[in-house]
$ cat protein-v1.pdb   # PDB, C-alpha atoms, pLDDT in the B column
ATOM      1  CA  MET A 383     183.202 325.298  38.468  1.00 33.00           C
ATOM      2  CA  ILE A 384     182.857 329.100  38.599  1.00 34.00           C
ATOM      3  CA  ASP A 385     181.449 331.430  35.925  1.00 42.00           C
ATOM      4  CA  GLU A 386     182.834 334.848  34.902  1.00 47.00           C
ATOM      5  CA  LYS A 387     180.887 336.537  37.730  1.00 43.00           C
ATOM      6  CA  GLY A 388     182.374 334.221  40.342  1.00 40.00           C
ATOM      7  CA  TRP A 389     179.183 332.172  40.858  1.00 38.00           C
ATOM      8  CA  PRO A 390     179.060 328.375  40.791  1.00 36.00           C
ATOM      9  CA  VAL A 391     177.913 327.324  37.305  1.00 36.00           C
ATOM     10  CA  PRO A 392     174.734 325.426  38.303  1.00 37.00           C
ATOM     11  CA  TYR A 393     173.551 328.537  40.138  1.00 37.00           C
ATOM     12  CA  ALA A 394     174.470 330.881  37.283  1.00 36.00           C
ATOM     13  CA  ASN A 395     172.651 328.761  34.699  1.00 37.00           C
ATOM     14  CA  THR A 396     169.428 328.513  36.677  1.00 38.00           C
ATOM     15  CA  TYR A 397     169.323 332.187  37.665  1.00 37.00           C
ATOM     16  CA  ALA A 398     168.804 333.369  34.085  1.00 39.00           C
ATOM     17  CA  SER A 399     165.896 330.988  33.532  1.00 38.00           C
ATOM     18  CA  TRP A 400     164.251 331.925  36.849  1.00 37.00           C
ATOM     19  CA  GLN A 401     164.488 335.611  36.007  1.00 39.00           C
ATOM     20  CA  LYS A 402     162.517 335.027  32.792  1.00 37.00           C
ATOM     21  CA  THR A 403     159.768 332.869  34.276  1.00 34.00           C
ATOM     22  CA  LEU A 404     158.944 334.295  37.695  1.00 36.00           C
ATOM     23  CA  ASP A 405     155.936 336.563  37.866  1.00 34.00           C
ATOM     24  CA  HIS A 406     155.808 336.978  41.627  1.00 38.00           C
ATOM     25  CA  PHE A 407     158.197 338.180  44.281  1.00 43.00           C
ATOM     26  CA  TRP A 408     161.127 335.957  45.014  1.00 43.00           C
ATOM     27  CA  ILE A 409     163.378 335.618  47.972  1.00 49.00           C
ATOM     28  CA  VAL A 410     166.905 334.491  48.631  1.00 49.00           C
ATOM     29  CA  ILE A 411     167.812 333.208  52.070  1.00 49.00           C
ATOM     30  CA  CYS A 412     171.438 333.141  53.100  1.00 44.00           C
ATOM     31  CA  HIS A 413     172.318 330.720  55.827  1.00 42.00           C
ATOM     32  CA  VAL A 414     175.586 332.269  56.968  1.00 41.00           C
ATOM     33  CA  LYS A 415     177.856 329.889  58.816  1.00 41.00           C
ATOM     34  CA  CYS A 416     180.042 330.902  61.763  1.00 38.00           C
ATOM     35  CA  ARG A 417     179.337 334.648  61.974  1.00 46.00           C
ATOM     36  CA  PHE A 418     177.031 337.306  60.571  1.00 55.00           C
ATOM     37  CA  TYR A 419     178.922 338.836  57.677  1.00 66.00           C
ATOM     38  CA  GLY A 420     178.812 342.442  56.538  1.00 80.00           C
ATOM     39  CA  TRP A 421     178.892 344.126  53.136  1.00 87.00           C
ATOM     40  CA  SER A 422     182.137 342.555  51.909  1.00 82.00           C
ATOM     41  CA  ALA A 423     180.725 339.037  52.325  1.00 80.00           C
ATOM     42  CA  VAL A 424     177.301 339.633  50.766  1.00 85.00           C
ATOM     43  CA  ARG A 425     178.046 342.271  48.104  1.00 87.00           C
ATOM     44  CA  LYS A 426     178.114 339.781  45.216  1.00 86.00           C
ATOM     45  CA  LEU A 427     174.745 338.461  46.273  1.00 86.00           C
ATOM     46  CA  VAL A 428     173.311 341.976  46.588  1.00 91.00           C
ATOM     47  CA  LYS A 429     174.747 343.046  43.233  1.00 90.00           C
ATOM     48  CA  GLU A 430     173.287 339.965  41.554  1.00 87.00           C
ATOM     49  CA  PHE A 431     169.743 340.290  42.889  1.00 88.00           C
ATOM     50  CA  ILE A 432     169.058 343.910  43.882  1.00 92.00           C
ATOM     51  CA  PRO A 433     168.488 346.456  41.066  1.00 91.00           C
ATOM     52  CA  ARG A 434     170.981 349.290  41.533  1.00 92.00           C
ATOM     53  CA  ARG A 435     169.018 352.300  40.282  1.00 91.00           C
ATOM     54  CA  LYS A 436     165.589 351.429  41.684  1.00 96.00           C
ATOM     55  CA  PRO A 437     164.310 352.067  45.221  1.00 97.00           C
ATOM     56  CA  CYS A 438     165.342 349.453  47.783  1.00 97.00           C
ATOM     57  CA  LEU A 439     163.988 349.107  51.322  1.00 98.00           C
ATOM     58  CA  HIS A 440     166.519 348.039  53.966  1.00 97.00           C
ATOM     59  CA  VAL A 441     164.468 346.698  56.889  1.00 97.00           C
ATOM     60  CA  GLY A 442     165.941 347.020  60.387  1.00 95.00           C
ATOM     61  CA  CYS A 443     169.157 348.600  59.146  1.00 95.00           C
ATOM     62  CA  GLY A 444     170.691 349.157  62.595  1.00 93.00           C
ATOM     63  CA  ASN A 445     174.359 350.137  62.404  1.00 93.00           C
ATOM     64  CA  SER A 446     175.304 347.482  59.856  1.00 91.00           C
ATOM     65  CA  ASN A 447     177.920 348.356  57.254  1.00 93.00           C
ATOM     66  CA  LEU A 448     175.551 346.947  54.622  1.00 94.00           C
ATOM     67  CA  GLN A 449     173.909 350.351  54.151  1.00 94.00           C
ATOM     68  CA  GLY A 450     177.226 352.142  53.619  1.00 95.00           C
ATOM     69  CA  GLY A 451     178.412 349.479  51.199  1.00 96.00           C
ATOM     70  CA  MET A 452     175.203 349.671  49.197  1.00 97.00           C
ATOM     71  CA  GLY A 453     175.320 353.469  49.221  1.00 97.00           C
ATOM     72  CA  ARG A 454     178.888 353.595  47.922  1.00 96.00           C
ATOM     73  CA  ALA A 455     177.968 351.042  45.256  1.00 96.00           C
ATOM     74  CA  GLY A 456     175.248 353.386  43.955  1.00 96.00           C
ATOM     75  CA  TYR A 457     172.090 351.778  45.342  1.00 97.00           C
ATOM     76  CA  GLN A 458     169.044 353.943  46.164  1.00 97.00           C
ATOM     77  CA  VAL A 459     168.300 352.704  49.695  1.00 98.00           C
ATOM     78  CA  THR A 460     165.651 353.695  52.219  1.00 98.00           C
ATOM     79  CA  ASN A 461     166.980 352.469  55.563  1.00 98.00           C
ATOM     80  CA  VAL A 462     164.336 351.760  58.201  1.00 98.00           C
ATOM     81  CA  ASP A 463     164.898 351.134  61.882  1.00 96.00           C
ATOM     82  CA  ILE A 464     162.824 351.474  65.048  1.00 95.00           C
ATOM     83  CA  SER A 465     165.638 353.349  66.845  1.00 95.00           C
ATOM     84  CA  GLN A 466     165.923 357.056  66.048  1.00 95.00           C
ATOM     85  CA  VAL A 467     169.228 357.142  67.961  1.00 95.00           C
ATOM     86  CA  VAL A 468     170.797 354.591  65.587  1.00 95.00           C
ATOM     87  CA  LEU A 469     169.312 356.320  62.536  1.00 96.00           C
ATOM     88  CA  THR A 470     170.775 359.686  63.589  1.00 96.00           C
ATOM     89  CA  GLN A 471     174.203 358.088  64.028  1.00 96.00           C
ATOM     90  CA  MET A 472     173.997 356.433  60.608  1.00 96.00           C
ATOM     91  CA  GLN A 473     172.779 359.639  58.936  1.00 96.00           C
ATOM     92  CA  GLN A 474     175.799 361.469  60.318  1.00 97.00           C
ATOM     93  CA  LYS A 475     178.145 358.665  59.319  1.00 97.00           C
ATOM     94  CA  HIS A 476     176.796 358.558  55.753  1.00 97.00           C
ATOM     95  CA  GLN A 477     176.072 362.227  55.175  1.00 96.00           C
ATOM     96  CA  ASP A 478     178.246 362.067  52.044  1.00 97.00           C
ATOM     97  CA  LEU A 479     175.879 359.489  50.477  1.00 97.00           C
ATOM     98  CA  PRO A 480     172.733 361.298  49.250  1.00 96.00           C
ATOM     99  CA  ASN A 481     171.311 358.049  47.839  1.00 97.00           C
ATOM    100  CA  LEU A 482     170.744 356.774  51.406  1.00 98.00           C
ATOM    101  CA  GLU A 483     167.536 357.826  53.133  1.00 98.00           C
ATOM    102  CA  TYR A 484     166.697 357.140  56.787  1.00 98.00           C
ATOM    103  CA  VAL A 485     163.177 356.629  58.157  1.00 98.00           C
ATOM    104  CA  CYS A 486     162.224 355.774  61.734  1.00 97.00           C
ATOM    105  CA  ALA A 487     159.548 353.083  61.520  1.00 97.00           C
ATOM    106  CA  ASP A 488     158.529 349.732  62.944  1.00 97.00           C
ATOM    107  CA  CYS A 489     159.008 347.086  60.225  1.00 97.00           C
ATOM    108  CA  ARG A 490     155.784 345.435  61.386  1.00 96.00           C
ATOM    109  CA  ASP A 491     153.760 348.542  60.553  1.00 97.00           C
ATOM    110  CA  MET A 492     155.080 351.048  57.995  1.00 97.00           C
ATOM    111  CA  PRO A 493     152.197 353.366  57.044  1.00 97.00           C
ATOM    112  CA  CYS A 494     154.791 355.927  55.923  1.00 97.00           C
ATOM    113  CA  PHE A 495     155.196 353.877  52.709  1.00 98.00           C
ATOM    114  CA  ARG A 496     152.544 353.388  50.056  1.00 97.00           C
ATOM    115  CA  ASP A 497     151.733 350.015  48.549  1.00 97.00           C
ATOM    116  CA  CYS A 498     154.149 348.933  45.807  1.00 96.00           C
ATOM    117  CA  SER A 499     156.749 351.600  46.695  1.00 97.00           C
ATOM    118  CA  PHE A 500     159.924 349.516  46.296  1.00 97.00           C
ATOM    119  CA  SER A 501     161.426 347.311  43.611  1.00 95.00           C
ATOM    120  CA  SER A 502     163.441 345.392  46.208  1.00 95.00           C
ATOM    121  CA  ALA A 503     163.860 344.889  49.942  1.00 96.00           C
ATOM    122  CA  ILE A 504     166.659 343.485  52.039  1.00 95.00           C
ATOM    123  CA  ASP A 505     166.861 342.270  55.617  1.00 94.00           C
ATOM    124  CA  LYS A 506     169.972 341.099  57.421  1.00 91.00           C
ATOM    125  CA  GLY A 507     169.046 339.820  60.851  1.00 89.00           C
ATOM    126  CA  THR A 508     165.781 341.609  61.665  1.00 94.00           C
ATOM    127  CA  LEU A 509     163.693 338.490  61.067  1.00 95.00           C
ATOM    128  CA  ASP A 510     166.047 336.559  63.346  1.00 91.00           C
ATOM    129  CA  ALA A 511     165.775 339.233  66.055  1.00 92.00           C
ATOM    130  CA  LEU A 512     161.963 339.313  65.877  1.00 94.00           C
ATOM    131  CA  LEU A 513     161.821 335.550  66.319  1.00 93.00           C
ATOM    132  CA  CYS A 514     163.474 336.036  69.719  1.00 91.00           C
ATOM    133  CA  SER A 515     160.665 338.333  70.883  1.00 88.00           C
ATOM    134  CA  LYS A 516     157.665 337.287  72.993  1.00 89.00           C
ATOM    135  CA  ASP A 517     155.332 336.887  70.008  1.00 92.00           C
ATOM    136  CA  GLY A 518     158.080 335.976  67.553  1.00 91.00           C
ATOM    137  CA  ILE A 519     156.082 334.191  64.857  1.00 93.00           C
ATOM    138  CA  LYS A 520     153.321 336.790  64.909  1.00 95.00           C
ATOM    139  CA  ASN A 521     155.854 339.636  64.702  1.00 95.00           C
ATOM    140  CA  VAL A 522     157.622 338.027  61.750  1.00 95.00           C
ATOM    141  CA  GLN A 523     154.318 337.471  59.964  1.00 95.00           C
ATOM    142  CA  ARG A 524     153.481 341.152  60.398  1.00 97.00           C
ATOM    143  CA  MET A 525     156.925 342.156  59.120  1.00 97.00           C
ATOM    144  CA  LEU A 526     156.670 339.927  56.046  1.00 96.00           C
ATOM    145  CA  SER A 527     153.150 341.161  55.322  1.00 96.00           C
ATOM    146  CA  GLU A 528     154.374 344.746  55.377  1.00 97.00           C
ATOM    147  CA  ILE A 529     157.329 343.926  53.132  1.00 96.00           C
ATOM    148  CA  SER A 530     154.988 342.168  50.721  1.00 94.00           C
ATOM    149  CA  ARG A 531     152.672 345.192  50.729  1.00 96.00           C
ATOM    150  CA  VAL A 532     155.370 347.756  49.902  1.00 97.00           C
ATOM    151  CA  LEU A 533     157.052 345.660  47.190  1.00 95.00           C
ATOM    152  CA  GLN A 534     156.091 346.064  43.551  1.00 94.00           C
ATOM    153  CA  PRO A 535     154.981 343.015  41.526  1.00 91.00           C
ATOM    154  CA  GLY A 536     158.045 341.089  40.398  1.00 89.00           C
ATOM    155  CA  ALA A 537     160.187 342.633  43.134  1.00 92.00           C
ATOM    156  CA  VAL A 538     163.036 340.915  44.983  1.00 91.00           C
ATOM    157  CA  PHE A 539     163.233 340.337  48.731  1.00 93.00           C
ATOM    158  CA  LEU A 540     166.686 339.321  49.919  1.00 92.00           C
ATOM    159  CA  GLU A 541     166.500 337.752  53.396  1.00 91.00           C
ATOM    160  CA  ILE A 542     169.886 337.179  55.033  1.00 87.00           C
ATOM    161  CA  SER A 543     169.473 334.942  58.049  1.00 86.00           C
ATOM    162  CA  LEU A 544     171.558 332.986  60.526  1.00 81.00           C
ATOM    163  CA  GLY A 545     168.699 330.548  60.990  1.00 81.00           C
ATOM    164  CA  ASP A 546     168.234 327.079  59.584  1.00 80.00           C
ATOM    165  CA  PRO A 547     166.895 327.505  56.029  1.00 81.00           C
ATOM    166  CA  MET A 548     164.167 324.896  56.526  1.00 83.00           C
ATOM    167  CA  GLN A 549     162.830 326.789  59.535  1.00 86.00           C
ATOM    168  CA  ARG A 550     162.904 330.067  57.627  1.00 87.00           C
ATOM    169  CA  LEU A 551     161.115 328.502  54.650  1.00 87.00           C
ATOM    170  CA  ALA A 552     158.155 327.694  56.875  1.00 88.00           C
ATOM    171  CA  LEU A 553     157.767 331.441  57.456  1.00 91.00           C
ATOM    172  CA  LEU A 554     158.431 332.574  53.899  1.00 89.00           C
ATOM    173  CA  CYS A 555     156.497 329.973  51.880  1.00 88.00           C
ATOM    174  CA  GLN A 556     153.075 331.264  52.876  1.00 88.00           C
ATOM    175  CA  PRO A 557     150.245 331.156  50.305  1.00 87.00           C
ATOM    176  CA  GLN A 558     149.303 334.798  50.843  1.00 89.00           C
ATOM    177  CA  PHE A 559     152.717 335.980  49.618  1.00 86.00           C
ATOM    178  CA  LYS A 560     152.842 333.902  46.396  1.00 84.00           C
ATOM    179  CA  TRP A 561     156.618 334.151  46.540  1.00 86.00           C
ATOM    180  CA  ALA A 562     158.925 331.881  44.597  1.00 84.00           C
ATOM    181  CA  VAL A 563     161.729 331.121  47.052  1.00 85.00           C
ATOM    182  CA  SER A 564     165.388 330.405  46.382  1.00 81.00           C
ATOM    183  CA  VAL A 565     167.856 329.399  49.091  1.00 82.00           C
ATOM    184  CA  CYS A 566     171.550 330.279  48.988  1.00 78.00           C
ATOM    185  CA  LEU A 567     173.936 328.768  51.491  1.00 74.00           C
ATOM    186  CA  LEU A 568     176.734 331.231  52.061  1.00 69.00           C
ATOM    187  CA  PRO A 569     179.785 329.787  53.838  1.00 60.00           C
ATOM    188  CA  ARG A 570     182.942 331.723  54.661  1.00 48.00           C
ATOM    189  CA  SER A 571     184.333 331.573  51.149  1.00 44.00           C
ATOM    190  CA  GLY A 572     181.153 332.548  49.291  1.00 42.00           C
ATOM    191  CA  LEU A 573     178.106 331.032  47.694  1.00 42.00           C
ATOM    192  CA  GLN A 574     178.101 327.248  47.890  1.00 44.00           C
ATOM    193  CA  ASN A 575     174.698 325.879  47.107  1.00 45.00           C
ATOM    194  CA  MET A 576     171.336 327.004  45.870  1.00 46.00           C
ATOM    195  CA  VAL A 577     167.917 325.381  45.863  1.00 44.00           C
ATOM    196  CA  GLN A 578     164.707 326.706  44.342  1.00 46.00           C
ATOM    197  CA  LEU A 579     161.221 326.155  45.691  1.00 46.00           C
ATOM    198  CA  PRO A 580     158.398 327.166  43.340  1.00 50.00           C
ATOM    199  CA  GLY A 581     155.964 329.852  44.447  1.00 46.00           C
ATOM    200  CA  ARG A 582     152.505 328.875  45.604  1.00 35.00           C
TER     201      ARG A 582
END

$ encode --input "protein-v1.pdb" --output "structure tokens"
Amino acid sequence: MIDEKGWPVPYANTYASWQKTLDHFWIVICHVKCRFYGWSAVRKLVKEFIPRRKPCLHVGCGNSNLQGGMGRAGYQVTNVDISQVVLTQMQQKHQDLPNLEYVCADCRDMPCFRDCSFSSAIDKGTLDALLCSKDGIKNVQRMLSEISRVLQPGAVFLEISLGDPMQRLALLCQPQFKWAVSVCLLPRSGLQNMVQLPGR
């Protein structure tokens, strides 16, 4: 059964109650099956969870079409990547979107941003890429600590991952973050299932 927004009813009913009760950050993990989707596949999810007119941090933006989609939809996005070459290309590509900002920074250490600078953050694949590095777990922990630092209380962190949700939960459900975590499984046709884990 689908509601007027196109979400499965059990998900739609629980979202409203979560929004009222959560007093910490919360996270949505998308376990995308088959391939790593772009803006068209995740836009409903983004529109549901990310506030449109408040500052959003896009971690490890790369050359994804997510940033362009969010920009055209009116989001205020600061796109961060470690590659200045990619950032220059994306700045040129999106020069008609003044609501997109580009900053060259390492997501594991972002002193260019003050504490509590953003009302939301989004990552699509950076966590997965860091896990493939030599010190994968340590690098991810540093990234998540920085994201936690720059997010305002009550902010949203949307983590879009190809990894097994249970393996990602082990990284995200850390006591120091005090995040309430929700998991969305996103198959080809859209959102299929959602599970909530209370914050610690």

$ residues_around --input "protein-v1.pdb" --residues "Arg531 of chain A" --least-positions-apart "4" --cutoff "8 Å" --atoms "only C-alpha atoms" --output "list in words"
Asp497, Cys498 and Ser527 of chain A

$ residues_around --input "protein-v1.pdb" --residues "segment 437-449 of chain A" --least-positions-apart "5" --cutoff "7 Å" --atoms "all atoms listed in the file" --output "number ranges by chain"
A: 420-421, 458-463, 468, 472, 489, 500-505, 508

$ write_last_selection --input "protein-v1.pdb" --atoms "C-alpha atoms" --output "PDB file, in the coordinates of the input"
ATOM      1  CA  GLY A 420     178.812 342.442  56.538  1.00 80.00           C
ATOM      2  CA  TRP A 421     178.892 344.126  53.136  1.00 87.00           C
ATOM      3  CA  GLN A 458     169.044 353.943  46.164  1.00 97.00           C
ATOM      4  CA  VAL A 459     168.300 352.704  49.695  1.00 98.00           C
ATOM      5  CA  THR A 460     165.651 353.695  52.219  1.00 98.00           C
ATOM      6  CA  ASN A 461     166.980 352.469  55.563  1.00 98.00           C
ATOM      7  CA  VAL A 462     164.336 351.760  58.201  1.00 98.00           C
ATOM      8  CA  ASP A 463     164.898 351.134  61.882  1.00 96.00           C
ATOM      9  CA  VAL A 468     170.797 354.591  65.587  1.00 95.00           C
ATOM     10  CA  MET A 472     173.997 356.433  60.608  1.00 96.00           C
ATOM     11  CA  CYS A 489     159.008 347.086  60.225  1.00 97.00           C
ATOM     12  CA  PHE A 500     159.924 349.516  46.296  1.00 97.00           C
ATOM     13  CA  SER A 501     161.426 347.311  43.611  1.00 95.00           C
ATOM     14  CA  SER A 502     163.441 345.392  46.208  1.00 95.00           C
ATOM     15  CA  ALA A 503     163.860 344.889  49.942  1.00 96.00           C
ATOM     16  CA  ILE A 504     166.659 343.485  52.039  1.00 95.00           C
ATOM     17  CA  ASP A 505     166.861 342.270  55.617  1.00 94.00           C
ATOM     18  CA  THR A 508     165.781 341.609  61.665  1.00 94.00           C
TER      19      THR A 508
END

$ resolve_selection --input "protein-v1.pdb" --expression "the PyMOL selection byres ((chain A and resi 537) around 6)" --output "ChimeraX atom specification"
/A:407,501-502,533-536,538

$ atom_distance --input "protein-v1.pdb" --atom1 "atom CA of Ile529 of chain A" --atom2 "atom CA of Cys566 of chain A"
20.1 Å

$ closest_residue --input "protein-v1.pdb" --among "A:Ser465, A:Gln523, A:Gln473, A:Ser422" --to "Ala552 of chain A" --atoms "only C-alpha atoms"
A:Gln523

$ closest_residue --input "protein-v1.pdb" --among "A:Gly453, A:Gly545, A:Trp561, A:Val424" --to "Ala511 of chain A" --atoms "only C-alpha atoms"
A:Gly545

$ resolve_selection --input "protein-v1.pdb" --expression "the PyMOL selection byres ((chain A and resi 480) around 12)" --output "ChimeraX atom specification"
/A:450,452-454,456-460,473-479,481-484

$ axis_aligned_box --input "protein-v1.pdb" --around "segment 492-495 of chain A" --padding-each-side "8 Å" --output "JSON"
{"center_x": 153.7, "center_y": 353.5, "center_z": 55.4, "size_x": 19.0, "size_y": 20.9, "size_z": 21.3}

$ atom_distance --input "protein-v1.pdb" --atom1 "atom CA of Leu554 of chain A" --atom2 "atom CA of Lys506 of chain A"
14.8 Å

$ atom_distance --input "protein-v1.pdb" --atom1 "atom CA of Val485 of chain A" --atom2 "atom CA of Ile542 of chain A"
20.8 Å

$ decode --input "protein-v1.pdb" --residues "segment 422-432 of chain A" --atoms "all heavy atoms" --output "tab-separated table (two decimals), in the first residue's frame"
chain	number	residue	atom	x	y	z
A	422	SER	N	17.87	10.59	-9.89
A	422	SER	CA	16.49	10.17	-10.20
A	422	SER	C	16.01	9.04	-9.29
A	422	SER	O	14.83	8.95	-8.98
A	422	SER	CB	16.37	9.76	-11.67
A	422	SER	OG	17.20	8.66	-11.93
A	423	ALA	N	16.92	8.19	-8.85
A	423	ALA	CA	16.52	7.06	-8.00
A	423	ALA	C	16.40	7.42	-6.53
A	423	ALA	O	15.64	6.79	-5.81
A	423	ALA	CB	17.52	5.92	-8.16
A	424	VAL	N	17.13	8.44	-6.08
A	424	VAL	CA	17.12	8.76	-4.65
A	424	VAL	C	16.43	10.09	-4.33
A	424	VAL	O	16.36	10.49	-3.18
A	424	VAL	CB	18.56	8.77	-4.07
A	424	VAL	CG1	19.20	7.41	-4.21
A	424	VAL	CG2	19.41	9.86	-4.68
A	425	ARG	N	15.89	10.77	-5.33
A	425	ARG	CA	15.33	12.11	-5.08
A	425	ARG	C	14.18	12.11	-4.09
A	425	ARG	O	14.07	13.03	-3.28
A	425	ARG	CB	14.95	12.79	-6.39
A	425	ARG	CG	13.79	12.17	-7.11
A	425	ARG	CD	13.42	12.98	-8.36
A	425	ARG	NE	12.39	12.27	-9.08
A	425	ARG	CZ	12.44	12.02	-10.37
A	425	ARG	NH1	13.46	12.45	-11.08
A	425	ARG	NH2	11.48	11.35	-10.96
A	426	LYS	N	13.32	11.09	-4.13
A	426	LYS	CA	12.22	11.04	-3.15
A	426	LYS	C	12.75	10.94	-1.74
A	426	LYS	O	12.25	11.57	-0.82
A	426	LYS	CB	11.29	9.86	-3.43
A	426	LYS	CG	10.23	10.12	-4.46
A	426	LYS	CD	9.24	8.97	-4.47
A	426	LYS	CE	8.10	9.25	-5.41
A	426	LYS	NZ	7.10	8.17	-5.37
A	427	LEU	N	13.76	10.12	-1.57
A	427	LEU	CA	14.38	9.94	-0.27
A	427	LEU	C	15.01	11.25	0.22
A	427	LEU	O	14.82	11.66	1.36
A	427	LEU	CB	15.45	8.85	-0.38
A	427	LEU	CG	15.93	8.17	0.87
A	427	LEU	CD1	14.78	7.50	1.61
A	427	LEU	CD2	17.00	7.15	0.52
A	428	VAL	N	15.74	11.91	-0.67
A	428	VAL	CA	16.36	13.20	-0.33
A	428	VAL	C	15.29	14.22	0.02
A	428	VAL	O	15.39	14.92	1.03
A	428	VAL	CB	17.25	13.70	-1.50
A	428	VAL	CG1	17.70	15.13	-1.26
A	428	VAL	CG2	18.45	12.78	-1.70
A	429	LYS	N	14.26	14.31	-0.80
A	429	LYS	CA	13.21	15.31	-0.56
A	429	LYS	C	12.47	15.05	0.74
A	429	LYS	O	11.99	15.97	1.39
A	429	LYS	CB	12.24	15.35	-1.74
A	429	LYS	CG	12.86	15.98	-2.97
A	429	LYS	CD	11.91	15.98	-4.15
A	429	LYS	CE	12.57	16.63	-5.36
A	429	LYS	NZ	11.69	16.66	-6.53
A	430	GLU	N	12.37	13.79	1.14
A	430	GLU	CA	11.68	13.45	2.38
A	430	GLU	C	12.49	13.80	3.62
A	430	GLU	O	11.94	14.23	4.63
A	430	GLU	CB	11.34	11.96	2.37
A	430	GLU	CG	10.47	11.52	3.52
A	430	GLU	CD	9.03	12.02	3.41
A	430	GLU	OE1	8.57	12.36	2.30
A	430	GLU	OE2	8.35	12.07	4.46
A	431	PHE	N	13.81	13.63	3.56
A	431	PHE	CA	14.63	13.74	4.76
A	431	PHE	C	15.50	14.99	4.85
A	431	PHE	O	15.86	15.40	5.94
A	431	PHE	CB	15.52	12.50	4.90
A	431	PHE	CG	14.77	11.26	5.20
A	431	PHE	CD1	14.63	10.27	4.24
A	431	PHE	CD2	14.17	11.07	6.44
A	431	PHE	CE1	13.93	9.10	4.51
A	431	PHE	CE2	13.47	9.91	6.71
A	431	PHE	CZ	13.34	8.93	5.75
A	432	ILE	N	15.89	15.57	3.73
A	432	ILE	CA	16.82	16.70	3.75
A	432	ILE	C	16.05	18.01	3.64
A	432	ILE	O	15.31	18.22	2.68
A	432	ILE	CB	17.84	16.59	2.59
A	432	ILE	CG1	18.58	15.25	2.63
A	432	ILE	CG2	18.81	17.76	2.60
A	432	ILE	CD1	19.51	15.07	3.79
